[in-house]
$ cat protein_11.txt   # compact mmCIF, C-alpha atoms and all ligand atoms
# COMPACT_ATOMS: atom_id res chain seq x y z
CA MET A 6 0.00 0.00 0.00
CA LEU A 7 1.47 3.28 -1.06
CA TYR A 8 0.35 5.50 1.73
CA GLY A 9 1.62 6.45 5.09
CA HIS A 10 0.84 8.18 8.30
CA ASP A 11 1.27 11.60 6.65
CA ASP A 12 -1.37 10.83 4.00
CA ILE A 13 -3.85 9.81 6.67
CA ALA A 14 -3.04 12.95 8.66
CA LEU A 15 -3.40 15.14 5.56
CA ARG A 16 -6.75 13.65 4.59
CA SER A 17 -7.92 13.92 8.17
CA ARG A 18 -6.87 17.59 8.23
CA PHE A 19 -8.76 18.31 4.99
CA ILE A 20 -11.91 16.98 6.62
CA ASP A 21 -11.41 18.89 9.86
CA GLU A 22 -10.68 22.18 8.10
CA SER A 23 -13.41 21.97 5.50
CA ASP A 24 -16.50 24.15 5.78
CA ALA A 25 -18.80 21.14 5.54
CA PRO A 26 -21.45 20.70 8.22
CA GLU A 27 -20.49 18.51 11.17
CA GLN A 28 -22.68 15.62 10.01
CA ARG A 29 -20.94 15.56 6.64
CA LYS A 30 -17.53 15.67 8.34
CA ARG A 31 -18.50 12.71 10.50
CA MET A 32 -19.42 10.77 7.36
CA GLU A 33 -16.13 11.67 5.72
CA ARG A 34 -14.24 10.50 8.81
CA GLN A 35 -16.13 7.21 8.75
CA LYS A 36 -15.25 6.74 5.09
CA LEU A 37 -11.59 7.41 5.85
CA ASP A 38 -11.70 4.90 8.70
CA ALA A 39 -13.36 2.34 6.41
CA LEU A 40 -10.72 2.89 3.72
CA LEU A 41 -7.94 2.50 6.23
CA GLY A 42 -9.58 -0.62 7.63
CA LEU A 43 -9.77 -2.09 4.15
CA ALA A 44 -6.16 -1.18 3.40
CA GLU A 45 -4.85 -2.66 6.64
CA THR A 46 -7.00 -5.76 6.90
CA ALA A 47 -5.46 -9.21 7.07
CA ARG A 48 -8.80 -10.73 5.97
CA CYS A 49 -10.21 -11.26 2.50
CA ARG A 50 -10.71 -7.74 1.09
CA ARG A 51 -13.91 -8.75 -0.67
CA GLN A 52 -15.32 -9.98 2.65
CA VAL A 53 -14.38 -6.72 4.33
CA LEU A 54 -15.83 -4.64 1.50
CA LEU A 55 -19.10 -6.60 1.48
CA SER A 56 -19.37 -6.35 5.26
CA TYR A 57 -19.60 -2.54 4.88
CA PHE A 58 -22.79 -3.16 2.92
CA GLY A 59 -24.06 -5.68 5.45
CA ASP A 60 -23.35 -8.68 3.24
CA HIS A 61 -21.51 -11.85 4.19
CA SER A 62 -19.40 -13.99 1.96
CA GLU A 63 -16.79 -16.71 2.10
CA PRO A 64 -13.17 -15.71 1.37
CA CYS A 65 -13.06 -15.05 -2.38
CA GLY A 66 -9.76 -16.77 -3.07
CA ASN A 67 -8.85 -14.08 -5.60
CA CYS A 68 -7.83 -10.92 -3.77
CA ASP A 69 -4.26 -10.23 -2.67
CA THR A 70 -4.83 -11.21 0.98
CA CYS A 71 -6.49 -14.49 -0.09
CA ALA A 72 -3.73 -15.22 -2.59
CA GLU A 73 -0.96 -14.34 -0.19
CA PRO A 74 -2.20 -14.14 3.41
CA PRO A 75 -0.17 -11.67 5.49
CA LYS A 76 1.96 -13.22 8.19
CA LEU A 77 0.43 -12.30 11.49
CA PHE A 78 1.88 -12.05 14.92
CA ASP A 79 0.46 -11.11 18.29
CA GLY A 80 1.20 -7.42 18.51
CA THR A 81 -0.13 -6.82 22.03
CA VAL A 82 3.25 -6.09 23.56
CA ALA A 83 4.31 -3.93 20.61
CA ALA A 84 1.03 -1.98 20.78
CA LEU A 85 1.44 -1.41 24.52
CA LYS A 86 5.01 -0.18 24.00
CA ALA A 87 3.85 2.23 21.28
CA LEU A 88 0.90 3.51 23.35
CA SER A 89 3.12 3.96 26.36
CA CYS A 90 5.66 5.87 24.26
CA ILE A 91 2.95 8.10 22.76
CA TYR A 92 1.63 8.81 26.25
CA ARG A 93 5.01 9.44 27.86
CA THR A 94 6.07 11.89 25.15
CA GLY A 95 2.93 13.91 25.79
CA GLU A 96 0.79 12.83 22.81
CA ARG A 97 2.12 15.69 20.73
CA PHE A 98 4.62 14.06 18.39
CA GLY A 99 4.17 12.43 15.01
CA GLN A 100 4.88 8.88 14.03
CA ALA A 101 8.49 9.46 12.93
CA TYR A 102 9.42 10.82 16.35
CA ILE A 103 7.61 8.04 18.23
CA VAL A 104 9.53 5.47 16.19
CA GLU A 105 12.81 7.29 16.91
CA VAL A 106 12.17 7.13 20.66
CA LEU A 107 11.15 3.46 20.51
CA LEU A 108 14.36 2.67 18.67
CA GLY A 109 16.52 4.78 21.00
CA GLY A 110 17.40 7.07 18.09
CA SER A 111 19.48 10.21 17.94
CA ASP A 112 16.93 12.86 16.91
CA PRO A 113 18.29 16.00 18.66
CA ARG A 114 14.81 16.76 20.05
CA ILE A 115 14.97 13.55 22.10
CA ALA A 116 17.73 14.88 24.36
CA GLN A 117 16.22 18.37 24.27
CA PHE A 118 12.91 17.12 25.67
CA GLY A 119 14.56 14.58 27.98
CA HIS A 120 12.90 11.70 26.19
CA ASP A 121 16.10 9.68 26.45
CA GLN A 122 15.28 9.51 30.18
CA ILE A 123 11.80 7.97 29.85
CA SER A 124 11.17 4.24 30.21
CA THR A 125 10.09 3.74 26.62
CA PHE A 126 13.35 5.10 25.15
CA GLY A 127 14.90 2.29 23.11
CA ILE A 128 12.43 -0.40 24.20
CA GLY A 129 11.40 -1.20 20.62
CA LYS A 130 14.66 -2.42 19.17
CA GLU A 131 13.20 -5.83 18.31
CA PHE A 132 11.65 -4.19 15.22
CA ASP A 133 13.07 -1.88 12.59
CA ALA A 134 11.58 1.53 11.75
CA ARG A 135 9.61 0.15 8.81
CA THR A 136 7.92 -2.47 10.98
CA TRP A 137 7.10 0.10 13.66
CA ARG A 138 5.48 2.31 11.01
CA ALA A 139 3.36 -0.69 9.92
CA ILE A 140 2.43 -1.39 13.54
CA LEU A 141 1.37 2.24 14.04
CA ARG A 142 -0.75 2.12 10.84
CA GLN A 143 -2.45 -0.99 12.18
CA MET A 144 -3.08 0.73 15.47
CA ILE A 145 -4.65 3.67 13.65
CA ALA A 146 -6.82 1.30 11.62
CA LEU A 147 -7.83 -0.48 14.83
CA ARG A 148 -8.59 2.90 16.43
CA LEU A 149 -6.09 2.45 19.19
CA VAL A 150 -4.35 5.59 18.00
CA ASN A 151 -5.94 8.74 16.71
CA VAL A 152 -4.02 10.71 14.11
CA ASP A 153 -4.94 14.09 15.21
CA LEU A 154 -4.27 17.70 15.64
CA ALA A 155 -4.54 19.79 12.55
CA ALA A 156 -1.04 21.17 12.47
CA THR A 157 1.19 18.50 13.93
CA ALA A 158 -0.26 15.15 12.85
CA ALA A 159 0.54 13.92 16.33
CA CYS A 160 -0.40 10.46 17.52
CA ARG A 161 -2.82 10.24 20.40
CA SER A 162 -3.79 7.12 22.27
CA ARG A 163 -7.51 6.56 22.03
CA ARG A 164 -7.82 4.12 24.90
CA PRO A 165 -5.58 3.36 27.83
CA ALA A 166 -5.39 -0.36 27.10
CA ALA A 167 -4.53 -2.01 23.83
CA SER A 168 -6.06 -5.10 22.38
CA SER A 169 -3.98 -7.21 20.08
CA CYS A 170 -2.77 -5.75 16.87
CA ALA A 171 -1.59 -7.66 13.87
CA THR A 172 0.63 -6.65 11.06
CA SER A 173 2.55 -8.25 8.28
CA ARG A 174 6.12 -8.68 9.34
CA SER A 175 8.60 -8.18 6.60
ZN ZN B 1 -10.36 -12.56 -0.93

$ encode --input "protein_11.txt" --output "structure tokens" --more "lines below"
Ligand SMILES: [Zn+2]
Amino acid sequence: MLYGHDDIALRSRFIDESDAPEQRKRMERQKLDALLGLAETARCRRQVLLSYFGDHSEPCGNCDTCAEPPKLFDGTVAALKALSCIYRTGERFGQAYIVEVLLGGSDPRIAQFGHDQISTFGIGKEFDARTWRAILRQMIALRLVNVDLAATAACRSRRPAASSCATSRS
């Protein structure tokens, strides 16, 4: 999928800043959530698409996830680490920064804000940056994280506790 956290944030900002009535904005947000859910699903995409229209079907056997099912792993611990990191950095930083802190990176802002002193600094070294970005996208699709805040595209935790999160590991 050729999209990232910034695209989601941008689209989300367009909706928030538009002059449309609140009801219309809510619909647009739901469509964005549905699109993201479809993009990030590990299930048959046809099944997911039909479920939006209230229809049920067996896996189609033809879509990309049927043809090549994503490898899943239990992402509970990873999701908790990411949520904790988002929370401990004040819920005001974007994905790139969160990943830097999880990896114990050298972004100069980390020392400036004292984020090399928090417990989540460097606790995510079992994954590379690309995998963490995929995990965060999954968390957004699962509504564990809200991509928010017009100007900054910061990550916010939506709930204190995470359920499991799955992602393809590559
Ligand atoms: Zn399918």

$ residues_near_ligand --input "protein_11.txt" --ligand "ligand ZN 1 (chain B)" --cutoff "9 Å" --atoms "all atoms listed in the file" --output "PyMOL selection string"
chain A and resi 48-53+63-72

$ atom_distance --input "protein_11.txt" --atom1 "atom CA of A:Arg138" --atom2 "atom CA of A:Glu96"
16.5 Å

$ closest_residue --input "protein_11.txt" --among "A:Phe78, A:Trp137, A:Phe126, A:Tyr57" --to "A:Val104" --atoms "all atoms listed in the file"
A:Trp137

$ atom_distance --input "protein_11.txt" --atom1 "atom CA of A:Gln122" --atom2 "atom CA of A:Thr94"
10.8 Å

$ atom_distance --input "protein_11.txt" --atom1 "atom CA of A:Arg148" --atom2 "atom CA of A:Gly95"
18.5 Å

$ residues_around --input "protein_11.txt" --residues "A:Asp133" --least-positions-apart "6" --cutoff "12 Å" --atoms "all atoms listed in the file" --output "JSON list (two decimals) with C-alpha atoms, in the frame of the given file"
[["chain", "number", "residue", "atom", "x", "y", "z"],
["A", 104, "VAL", "CA", 9.53, 5.47, 16.19],
["A", 105, "GLU", "CA", 12.81, 7.29, 16.91],
["A", 107, "LEU", "CA", 11.15, 3.46, 20.51],
["A", 108, "LEU", "CA", 14.36, 2.67, 18.67],
["A", 109, "GLY", "CA", 16.52, 4.78, 21.00],
["A", 110, "GLY", "CA", 17.40, 7.07, 18.09],
["A", 127, "GLY", "CA", 14.90, 2.29, 23.11],
["A", 139, "ALA", "CA", 3.36, -0.69, 9.92],
["A", 140, "ILE", "CA", 2.43, -1.39, 13.54],
["A", 174, "ARG", "CA", 6.12, -8.68, 9.34],
["A", 175, "SER", "CA", 8.60, -8.18, 6.60]]

$ closest_atom_pairs --input "protein_11.txt" --of "stretch 110-135 of chain A" --to "stretch 79-82 of chain A" --cutoff "12 Å" --atoms "only C-alpha atoms" --output "JSON lines"
{"residue": "A:Ile128", "atom": "CA", "partner": "A:Val82", "partner_atom": "CA", "distance": 10.8}
{"residue": "A:Gly129", "atom": "CA", "partner": "A:Val82", "partner_atom": "CA", "distance": 9.9}
{"residue": "A:Glu131", "atom": "CA", "partner": "A:Val82", "partner_atom": "CA", "distance": 11.3}
{"residue": "A:Phe132", "atom": "CA", "partner": "A:Gly80", "partner_atom": "CA", "distance": 11.4}

$ write_last_selection --input "protein_11.txt" --atoms "C-alpha atoms" --output "compact mmCIF listing (two decimals), in the frame of the given file"
# COMPACT_ATOMS: atom_id res chain seq x y z
CA ILE A 128 12.43 -0.40 24.20
CA GLY A 129 11.40 -1.20 20.62
CA GLU A 131 13.20 -5.83 18.31
CA PHE A 132 11.65 -4.19 15.22

$ closest_residue --input "protein_11.txt" --among "A:Leu15, A:Val152, A:Ala84, A:Ile91" --to "A:His120" --atoms "only C-alpha atoms"
A:Ile91

$ residues_around --input "protein_11.txt" --residues "A:Ala39" --least-positions-apart "6" --cutoff "12 Å" --atoms "all atoms listed in the file" --output "ChimeraX atom specification"
/A:32-33,45-46,50,53-58,145-148

$ closest_residue --input "protein_11.txt" --among "A:Gln117, A:Gln100, A:Ser162, A:Ser23" --to "A:Gly9" --atoms "only C-alpha atoms"
A:Gln100

$ decode --input "protein_11.txt" --residues "stretch 100-117 of chain A" --atoms "N, CA and C atoms" --output "short mmCIF file (atom, residue, chain, number, x, y, z; two decimals), in the first residue's frame"
data_model
loop_
_atom_site.label_atom_id
_atom_site.label_comp_id
_atom_site.auth_asym_id
_atom_site.auth_seq_id
_atom_site.Cartn_x
_atom_site.Cartn_y
_atom_site.Cartn_z
N GLN A 100 4.43 10.26 14.09
CA GLN A 100 4.88 8.88 14.03
C GLN A 100 6.40 8.75 13.96
N ALA A 101 7.04 9.59 13.13
CA ALA A 101 8.49 9.46 12.93
C ALA A 101 9.23 9.62 14.26
N TYR A 102 8.78 10.57 15.06
CA TYR A 102 9.42 10.82 16.35
C TYR A 102 9.18 9.67 17.33
N ILE A 103 7.95 9.17 17.35
CA ILE A 103 7.61 8.04 18.23
C ILE A 103 8.51 6.84 17.90
N VAL A 104 8.68 6.59 16.61
CA VAL A 104 9.53 5.47 16.19
C VAL A 104 10.98 5.71 16.61
N GLU A 105 11.46 6.95 16.48
CA GLU A 105 12.81 7.29 16.91
C GLU A 105 13.02 6.99 18.40
N VAL A 106 12.05 7.37 19.22
CA VAL A 106 12.17 7.13 20.66
C VAL A 106 12.15 5.63 20.96
N LEU A 107 11.24 4.91 20.30
CA LEU A 107 11.15 3.46 20.51
C LEU A 107 12.46 2.76 20.15
N LEU A 108 13.13 3.29 19.13
CA LEU A 108 14.36 2.67 18.67
C LEU A 108 15.59 3.23 19.40
N GLY A 109 15.38 4.17 20.30
CA GLY A 109 16.52 4.78 21.00
C GLY A 109 17.36 5.61 20.04
N GLY A 110 16.72 6.33 19.15
CA GLY A 110 17.40 7.07 18.09
C GLY A 110 18.07 8.35 18.55
N SER A 111 18.65 9.07 17.59
CA SER A 111 19.48 10.21 17.94
C SER A 111 18.89 11.56 17.49
N ASP A 112 17.58 11.59 17.22
CA ASP A 112 16.93 12.86 16.91
C ASP A 112 17.28 13.87 18.01
N PRO A 113 17.84 15.05 17.63
CA PRO A 113 18.29 16.00 18.66
C PRO A 113 17.16 16.43 19.62
N ARG A 114 15.92 16.36 19.17
CA ARG A 114 14.81 16.76 20.05
C ARG A 114 14.66 15.80 21.22
N ILE A 115 15.13 14.55 21.04
CA ILE A 115 14.97 13.55 22.10
C ILE A 115 15.71 13.99 23.37
N ALA A 116 16.96 14.41 23.21
CA ALA A 116 17.73 14.88 24.36
C ALA A 116 17.16 16.21 24.86
N GLN A 117 16.78 17.05 23.92
CA GLN A 117 16.22 18.37 24.27
C GLN A 117 15.00 18.25 25.19
#
